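Peer 1: query35.csv is reproduced below (CSV, C-alpha atoms).
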chain,number,residue,atom,x,y,z
N,27,MET,CA,-31.3,-138.6,-130.3
N,28,ARG,CA,-28.2,-136.7,-131.1
N,29,SER,CA,-28.7,-137.1,-134.9
N,30,LEU,CA,-32.3,-135.8,-134.5
N,31,LYS,CA,-31.0,-132.6,-132.8
N,32,LEU,CA,-28.5,-132.2,-135.6
N,33,LEU,CA,-31.2,-132.7,-138.2
N,34,ILE,CA,-33.4,-130.1,-136.5
N,35,LEU,CA,-30.5,-127.6,-136.3
N,36,LEU,CA,-29.8,-128.2,-140.0
N,37,VAL,CA,-33.4,-127.6,-141.0
N,38,ILE,CA,-33.5,-124.4,-139.0
N,39,PHE,CA,-30.2,-123.2,-140.5
N,40,LEU,CA,-31.3,-124.0,-144.1
N,41,GLY,CA,-34.7,-122.4,-143.5
N,42,GLY,CA,-33.1,-119.2,-142.3
N,43,LEU,CA,-30.7,-119.3,-145.3
N,44,TYR,CA,-33.5,-119.8,-147.7
N,45,TYR,CA,-35.5,-117.0,-146.1
N,46,GLY,CA,-32.5,-114.6,-146.2
N,47,TYR,CA,-31.9,-115.3,-149.9
N,48,SER,CA,-35.4,-115.9,-151.1
N,49,ALA,CA,-35.2,-112.9,-153.4
N,50,TYR,CA,-32.0,-114.2,-154.8
N,51,PHE,CA,-33.5,-117.6,-155.6
N,52,SER,CA,-36.7,-116.1,-157.1
N,53,GLY,CA,-34.8,-113.9,-159.6
N,54,ALA,CA,-36.4,-110.8,-158.2
N,55,PRO,CA,-34.3,-107.7,-157.7
N,56,TYR,CA,-32.4,-107.8,-154.5
N,57,VAL,CA,-29.7,-106.1,-152.5
N,58,GLY,CA,-27.4,-108.3,-150.4
N,59,ILE,CA,-25.6,-106.7,-147.4
N,60,ASP,CA,-23.1,-108.7,-145.4
N,61,GLY,CA,-24.9,-112.0,-146.1
N,62,LYS,CA,-28.5,-110.7,-145.7
N,63,ALA,CA,-30.8,-110.3,-148.8
N,64,TYR,CA,-33.5,-107.7,-149.2
N,65,SER,CA,-36.1,-107.9,-152.0
N,66,VAL,CA,-36.3,-104.4,-153.5
N,67,GLU,CA,-38.4,-102.2,-155.7
N,68,ILE,CA,-36.4,-100.1,-158.1
N,69,ALA,CA,-36.7,-96.4,-158.5
N,70,THR,CA,-34.7,-95.2,-161.5
N,71,THR,CA,-36.7,-92.2,-162.9
N,72,ALA,CA,-37.1,-88.8,-161.4
N,73,ASP,CA,-40.8,-89.5,-160.8
N,74,SER,CA,-40.3,-92.9,-159.1
N,75,ARG,CA,-37.5,-91.5,-156.9
N,76,ALA,CA,-39.7,-88.5,-155.9
N,77,THR,CA,-42.6,-90.9,-155.0
N,78,GLY,CA,-40.5,-93.5,-153.2
N,79,LEU,CA,-42.4,-95.2,-150.4
N,80,MET,CA,-45.0,-92.4,-150.0
N,81,ASN,CA,-48.5,-93.2,-148.9
N,82,ARG,CA,-47.9,-96.8,-148.0
N,83,ASP,CA,-48.8,-98.3,-144.6
N,84,SER,CA,-45.8,-100.6,-144.4
N,85,ILE,CA,-43.4,-102.9,-146.3
N,86,GLY,CA,-42.2,-106.3,-145.3
N,87,ASP,CA,-39.3,-106.7,-142.9
N,88,LYS,CA,-37.0,-108.0,-145.7
N,89,ASP,CA,-38.3,-105.6,-148.4
N,90,GLY,CA,-37.1,-102.2,-149.4
N,91,MET,CA,-36.7,-99.6,-152.2
N,92,LEU,CA,-33.5,-99.1,-154.1
N,93,PHE,CA,-33.0,-95.6,-155.6
N,94,VAL,CA,-30.6,-95.8,-158.6
N,95,PHE,CA,-28.7,-92.7,-159.8
N,96,ASP,CA,-26.7,-92.3,-163.0
N,97,LYS,CA,-23.6,-91.0,-161.2
N,98,PRO,CA,-22.4,-90.7,-157.7
N,99,GLY,CA,-23.5,-87.5,-155.9
N,100,ILE,CA,-24.8,-86.1,-152.6
N,101,TYR,CA,-28.5,-87.1,-152.7
N,102,ALA,CA,-30.8,-85.8,-149.9
N,103,PHE,CA,-33.9,-87.7,-148.8
N,104,TRP,CA,-36.9,-86.7,-146.8
N,105,MET,CA,-39.9,-88.6,-145.2
N,106,LYS,CA,-42.7,-86.6,-146.8
N,107,ASP,CA,-45.9,-88.7,-146.7
N,108,VAL,CA,-44.1,-91.8,-145.6
N,109,ARG,CA,-46.2,-93.5,-142.9
N,110,PHE,CA,-43.5,-95.6,-141.0
N,111,PRO,CA,-39.9,-95.2,-139.9
N,112,LEU,CA,-37.2,-96.1,-142.4
N,113,ASP,CA,-33.5,-96.8,-142.3
N,114,ILE,CA,-31.8,-94.9,-145.2
N,115,ILE,CA,-28.6,-96.4,-146.5
N,116,TRP,CA,-26.3,-94.6,-149.0
N,117,ILE,CA,-24.2,-97.0,-151.1
N,118,ASN,CA,-21.2,-96.3,-153.4
N,119,ASN,CA,-18.9,-98.7,-155.1
N,120,GLY,CA,-20.4,-101.8,-153.4
N,121,GLU,CA,-20.0,-100.4,-149.9
N,122,VAL,CA,-22.3,-98.6,-147.3
N,123,VAL,CA,-21.0,-95.1,-147.0
N,124,TYR,CA,-23.7,-93.4,-144.9
N,125,ILE,CA,-26.7,-94.4,-142.7
N,126,VAL,CA,-29.7,-92.7,-141.1
N,127,GLU,CA,-31.5,-95.1,-138.7
N,128,SER,CA,-35.2,-95.0,-138.1
N,129,ALA,CA,-35.9,-91.7,-139.9
N,130,GLU,CA,-39.4,-90.7,-138.6
N,131,PRO,CA,-42.4,-90.0,-140.9
N,132,SER,CA,-42.9,-86.3,-141.7
N,133,PRO,CA,-46.6,-85.7,-142.6
N,134,GLN,CA,-46.5,-81.9,-142.2
N,135,PRO,CA,-44.0,-79.3,-143.4
N,136,PRO,CA,-41.3,-78.4,-142.8
N,137,HIS,CA,-39.9,-81.8,-143.9
N,138,LYS,CA,-36.5,-82.7,-142.5
N,139,ASN,CA,-33.9,-83.5,-145.1
N,140,TYR,CA,-31.4,-86.3,-144.5
N,141,ILE,CA,-28.1,-85.4,-146.3
N,142,PRO,CA,-25.1,-87.7,-146.4
N,143,ASP,CA,-21.6,-86.5,-146.1
N,144,ARG,CA,-20.3,-88.8,-148.8
N,145,SER,CA,-21.3,-89.4,-152.5
N,146,ALA,CA,-23.3,-92.4,-153.4
N,147,ASN,CA,-24.9,-93.8,-156.6
N,148,TYR,CA,-27.5,-95.9,-154.8
N,149,VAL,CA,-29.7,-95.3,-151.8
N,150,LEU,CA,-31.6,-98.1,-150.1
N,151,GLU,CA,-34.6,-97.6,-147.9
N,152,LEU,CA,-35.5,-100.4,-145.5
N,153,PRO,CA,-38.0,-100.7,-142.6
N,154,GLY,CA,-36.8,-98.8,-139.5
N,155,GLY,CA,-34.7,-101.0,-137.2
N,156,THR,CA,-33.3,-103.2,-140.0
N,157,VAL,CA,-29.8,-101.6,-139.7
N,158,PHE,CA,-29.6,-102.4,-136.0
N,159,ARG,CA,-31.3,-105.9,-136.3
N,160,ASP,CA,-29.0,-107.0,-139.1
N,161,GLY,CA,-25.8,-105.3,-138.0
N,162,ILE,CA,-25.4,-103.1,-141.1
N,163,HIS,CA,-22.7,-100.5,-140.7
N,164,ILE,CA,-20.5,-98.0,-142.6
N,165,GLY,CA,-18.2,-100.2,-144.7
N,166,SER,CA,-20.6,-103.2,-145.0
N,167,LYS,CA,-20.2,-104.8,-148.4
N,168,VAL,CA,-23.2,-104.6,-150.8
N,169,GLU,CA,-24.2,-106.7,-153.7
N,170,ILE,CA,-26.9,-105.3,-156.0
N,171,ASN,CA,-28.8,-107.5,-158.4
N,172,ILE,CA,-31.4,-105.5,-160.5
Represent the structure of the file as structure tokens.

Peer 2:
Amino acid sequence: MRSLKLLILLVIFLGGLYYGYSAYFSGAPYVGIDGKAYSVEIATTADSRATGLMNRDSIGDKDGMLFVFDKPGIYAFWMKDVRFPLDIIWINNGEVVYIVESAEPSPQPPHKNYIPDRSANYVLELPGGTVFRDGIHIGSKVEINI
């Protein structure tokens, strides 16, 4: 009976590990933060960064969008035409440097700008509540595979 309980716990653990790193195993672009993996779409051009997650109804709870910039800077974000709350995470040199949790959609002007107080060369948008759920914080270590 004891070995059955251990087997069940092992299966649960391995299933959670696989789910957390499924993007890693599939070869798809992902961002890893403190042992959690998020499958990401990549925005590298001015047009793709301007469009971001506009006009979508949702994204998966382990999905996001990674905005890639050529050099570190102060990059402001807004929620224009985004239909669901987002956590916005600024990343520099493999570390979280600034966070806005559960930024609310902004369908009508004026649109609020979210401006970090630190430079970053990546910005990651995840579904609202992810930062709290997964314990992401300033100083969290970040691995980017794109």

Peer 1: Using only C-alpha atoms, which residues sit within 9 Å of Asp113 in chain N once same-chain residues fewer than 6 positions away are excluded, as a PyMOL selection string?

Peer 2: chain N and resi 125-129+150-157

Peer 1: Take CA of Lys167 in chain N and CA of Glu130 in chain N and report the distance between them in Å, one decimal.

Peer 2: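 Separation between CA of Lys167 in chain N and CA of Glu130 in chain N: 25.8 Å.
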
Peer 1: Check the smallest atom-to-atom distance from each of N:Ala63, N:Val123, N:Val168, N:Ala102 to Ile141 in chain N using all atoms listed in the file, then report the winner.

Peer 2: N:Ala102

Peer 1: Restricting the calculation to all atoms listed in the file, which member of N:Asp87, N:Pro131, N:Asn139, N:Ile172 is positioned closest to Lys62 in chain N?

Peer 2: N:Asp87

Peer 1: Between N:Ile162, N:Leu112, N:Ile170, N:Ala146, which residue has the minimum interatomic distance to Lys97 in chain N, considering all atoms listed in the file?

Peer 2: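 Closest to Lys97 in chain N of all the choices is N:Ala146.
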
Peer 1: Looking at N:Lys106, N:Arg82, N:Lys138, N:Arg75, which one is nearest to Val94 in chain N, with distances taken over all atoms listed in the file?

Peer 2: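 Ranked by minimum distance to Val94 in chain N, first place goes to N:Arg75.
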
Peer 1: Would you list the contacts of Glu121 in chain N as a PDB file with C-alpha atoms, in the frame of the given file, taking every protein, DNA or RNA residue within 9 Å and counting all atoms listed in the file, but skipping same-chain residues closer than 2 positions in sequence?

Peer 2:
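Output file selection30.pdb is given in full below:
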ATOM      1  CA  ILE N  59     -25.600-106.700-147.400  1.00  0.00           C
ATOM      2  CA  TRP N 116     -26.300 -94.600-149.000  1.00  0.00           C
ATOM      3  CA  ILE N 117     -24.200 -97.000-151.100  1.00  0.00           C
ATOM      4  CA  ASN N 118     -21.200 -96.300-153.400  1.00  0.00           C
ATOM      5  CA  ASN N 119     -18.900 -98.700-155.100  1.00  0.00           C
ATOM      6  CA  VAL N 123     -21.000 -95.100-147.000  1.00  0.00           C
ATOM      7  CA  ILE N 164     -20.500 -98.000-142.600  1.00  0.00           C
ATOM      8  CA  GLY N 165     -18.200-100.200-144.700  1.00  0.00           C
ATOM      9  CA  SER N 166     -20.600-103.200-145.000  1.00  0.00           C
ATOM     10  CA  LYS N 167     -20.200-104.800-148.400  1.00  0.00           C
ATOM     11  CA  VAL N 168     -23.200-104.600-150.800  1.00  0.00           C
ATOM     12  CA  GLU N 169     -24.200-106.700-153.700  1.00  0.00           C
TER      13      GLU N 169
END

Peer 1: As an exercise, work out the distance from CA of His137 in chain N to CA of Tyr56 in chain N in Å and give it to one decimal place.

Peer 2: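 Separation of CA of His137 in chain N and CA of Tyr56 in chain N: 29.1 Å.
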
Peer 1: Between CA of Pro136 in chain N and CA of His163 in chain N, what is the spacing in Å?

Peer 2: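 The value is 29.0 Å.
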
Peer 1: Which one of N:Pro142, N:Gly90, N:Gly120, N:Gly53 sits closest to Ala69 in chain N if you count all atoms listed in the file?

Peer 2: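 Selected residue with least distance to Ala69 in chain N: N:Gly90.
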
Peer 1: Just the residues within 10 Å of Pro55 in chain N, please, counting only C-alpha atoms, with nothing from its chain fewer than 6 positions along; format it as JSON, numbers by chain.

Peer 2: {"N": [49, 63, 64, 65, 66, 67, 68, 92, 170, 171, 172]}

Peer 1: Based on the selection just made, write C-alpha atoms of those residues as a compact mmCIF listing (two decimals), keeping the file's coordinate frame.

Peer 2:
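Once written, result-v2.txt looks like this:
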# COMPACT_ATOMS: atom_id res chain seq x y z
CA ALA N 49 -35.20 -112.90 -153.40
CA ALA N 63 -30.80 -110.30 -148.80
CA TYR N 64 -33.50 -107.70 -149.20
CA SER N 65 -36.10 -107.90 -152.00
CA VAL N 66 -36.30 -104.40 -153.50
CA GLU N 67 -38.40 -102.20 -155.70
CA ILE N 68 -36.40 -100.10 -158.10
CA LEU N 92 -33.50 -99.10 -154.10
CA ILE N 170 -26.90 -105.30 -156.00
CA ASN N 171 -28.80 -107.50 -158.40
CA ILE N 172 -31.40 -105.50 -160.50

Peer 1: When you count all atoms listed in the file, which of these residues is closest to Gly58 in chain N: N:Phe93, N:Lys88, N:Val108, N:Arg144?

Peer 2: N:Lys88

Peer 1: So which residues touch Asp83 in chain N within 9 Å, counting only C-alpha atoms, skipping near sequence neighbours fewer than 3 positions away, as number ranges by chain?

Peer 2: N: 80, 108-110

Peer 1: Starting from the incomplete input, reconstruct N, CA and C atoms of range 62-92 of chain N and write that as a compact mmCIF listing (two decimals), in the coordinates of the input.

Peer 2:
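And here is the file that came out, out.txt:
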# COMPACT_ATOMS: atom_id res chain seq x y z
N LYS N 62 -27.03 -110.82 -145.84
CA LYS N 62 -28.50 -110.70 -145.70
C LYS N 62 -29.04 -110.18 -147.04
N ALA N 63 -30.17 -110.70 -147.49
CA ALA N 63 -30.80 -110.30 -148.80
C ALA N 63 -32.08 -109.57 -148.53
N TYR N 64 -32.31 -108.51 -149.30
CA TYR N 64 -33.50 -107.70 -149.20
C TYR N 64 -34.13 -107.60 -150.61
N SER N 65 -35.39 -108.01 -150.74
CA SER N 65 -36.10 -107.90 -152.00
C SER N 65 -36.43 -106.38 -152.16
N VAL N 66 -36.15 -105.83 -153.35
CA VAL N 66 -36.30 -104.40 -153.50
C VAL N 66 -37.15 -104.04 -154.74
N GLU N 67 -37.87 -102.94 -154.60
CA GLU N 67 -38.40 -102.20 -155.70
C GLU N 67 -37.39 -101.27 -156.21
N ILE N 68 -37.38 -100.99 -157.50
CA ILE N 68 -36.40 -100.10 -158.10
C ILE N 68 -36.95 -98.80 -158.48
N ALA N 69 -36.27 -97.72 -158.09
CA ALA N 69 -36.70 -96.40 -158.50
C ALA N 69 -35.53 -95.77 -159.31
N THR N 70 -35.75 -95.65 -160.64
CA THR N 70 -34.70 -95.20 -161.50
C THR N 70 -35.04 -93.84 -162.19
N THR N 71 -36.31 -93.49 -162.22
CA THR N 71 -36.70 -92.20 -162.90
C THR N 71 -36.92 -91.16 -161.84
N ALA N 72 -36.91 -89.93 -162.29
CA ALA N 72 -37.10 -88.80 -161.40
C ALA N 72 -38.48 -88.95 -160.67
N ASP N 73 -39.51 -89.36 -161.39
CA ASP N 73 -40.80 -89.50 -160.80
C ASP N 73 -40.86 -90.64 -159.74
N SER N 74 -40.29 -91.79 -160.08
CA SER N 74 -40.30 -92.90 -159.10
C SER N 74 -39.45 -92.60 -157.90
N ARG N 75 -38.35 -91.87 -158.09
CA ARG N 75 -37.50 -91.50 -156.90
C ARG N 75 -38.25 -90.45 -156.08
N ALA N 76 -38.99 -89.54 -156.69
CA ALA N 76 -39.70 -88.50 -155.90
C ALA N 76 -40.86 -89.17 -155.12
N THR N 77 -41.50 -90.18 -155.68
CA THR N 77 -42.60 -90.90 -155.00
C THR N 77 -42.12 -91.80 -153.91
N GLY N 78 -41.08 -92.58 -154.21
CA GLY N 78 -40.50 -93.50 -153.20
C GLY N 78 -41.56 -94.33 -152.53
N LEU N 79 -41.52 -94.35 -151.20
CA LEU N 79 -42.40 -95.20 -150.40
C LEU N 79 -43.59 -94.34 -149.81
N MET N 80 -43.89 -93.21 -150.45
CA MET N 80 -45.00 -92.40 -150.00
C MET N 80 -46.32 -93.11 -149.95
N ASN N 81 -47.15 -92.76 -148.97
CA ASN N 81 -48.50 -93.20 -148.90
C ASN N 81 -48.75 -94.69 -148.78
N ARG N 82 -47.78 -95.39 -148.28
CA ARG N 82 -47.90 -96.80 -148.00
C ARG N 82 -48.02 -97.00 -146.49
N ASP N 83 -48.71 -98.03 -146.07
CA ASP N 83 -48.80 -98.30 -144.60
C ASP N 83 -47.66 -99.05 -144.07
N SER N 84 -46.97 -99.85 -144.90
CA SER N 84 -45.80 -100.60 -144.40
C SER N 84 -45.17 -101.32 -145.61
N ILE N 85 -44.03 -101.94 -145.34
CA ILE N 85 -43.40 -102.90 -146.30
C ILE N 85 -42.92 -104.06 -145.43
N GLY N 86 -42.63 -105.16 -146.07
CA GLY N 86 -42.20 -106.30 -145.30
C GLY N 86 -40.82 -106.12 -144.69
N ASP N 87 -40.51 -106.90 -143.67
CA ASP N 87 -39.30 -106.70 -142.90
C ASP N 87 -38.01 -107.07 -143.71
N LYS N 88 -38.16 -107.72 -144.84
CA LYS N 88 -37.00 -108.00 -145.70
C LYS N 88 -37.18 -107.36 -147.08
N ASP N 89 -38.01 -106.30 -147.13
CA ASP N 89 -38.30 -105.60 -148.40
C ASP N 89 -37.73 -104.16 -148.27
N GLY N 90 -37.54 -103.54 -149.43
CA GLY N 90 -37.10 -102.20 -149.40
C GLY N 90 -37.25 -101.55 -150.81
N MET N 91 -36.72 -100.33 -150.94
CA MET N 91 -36.70 -99.60 -152.20
C MET N 91 -35.29 -99.17 -152.48
N LEU N 92 -34.82 -99.46 -153.69
CA LEU N 92 -33.50 -99.10 -154.10
C LEU N 92 -33.60 -97.92 -155.11
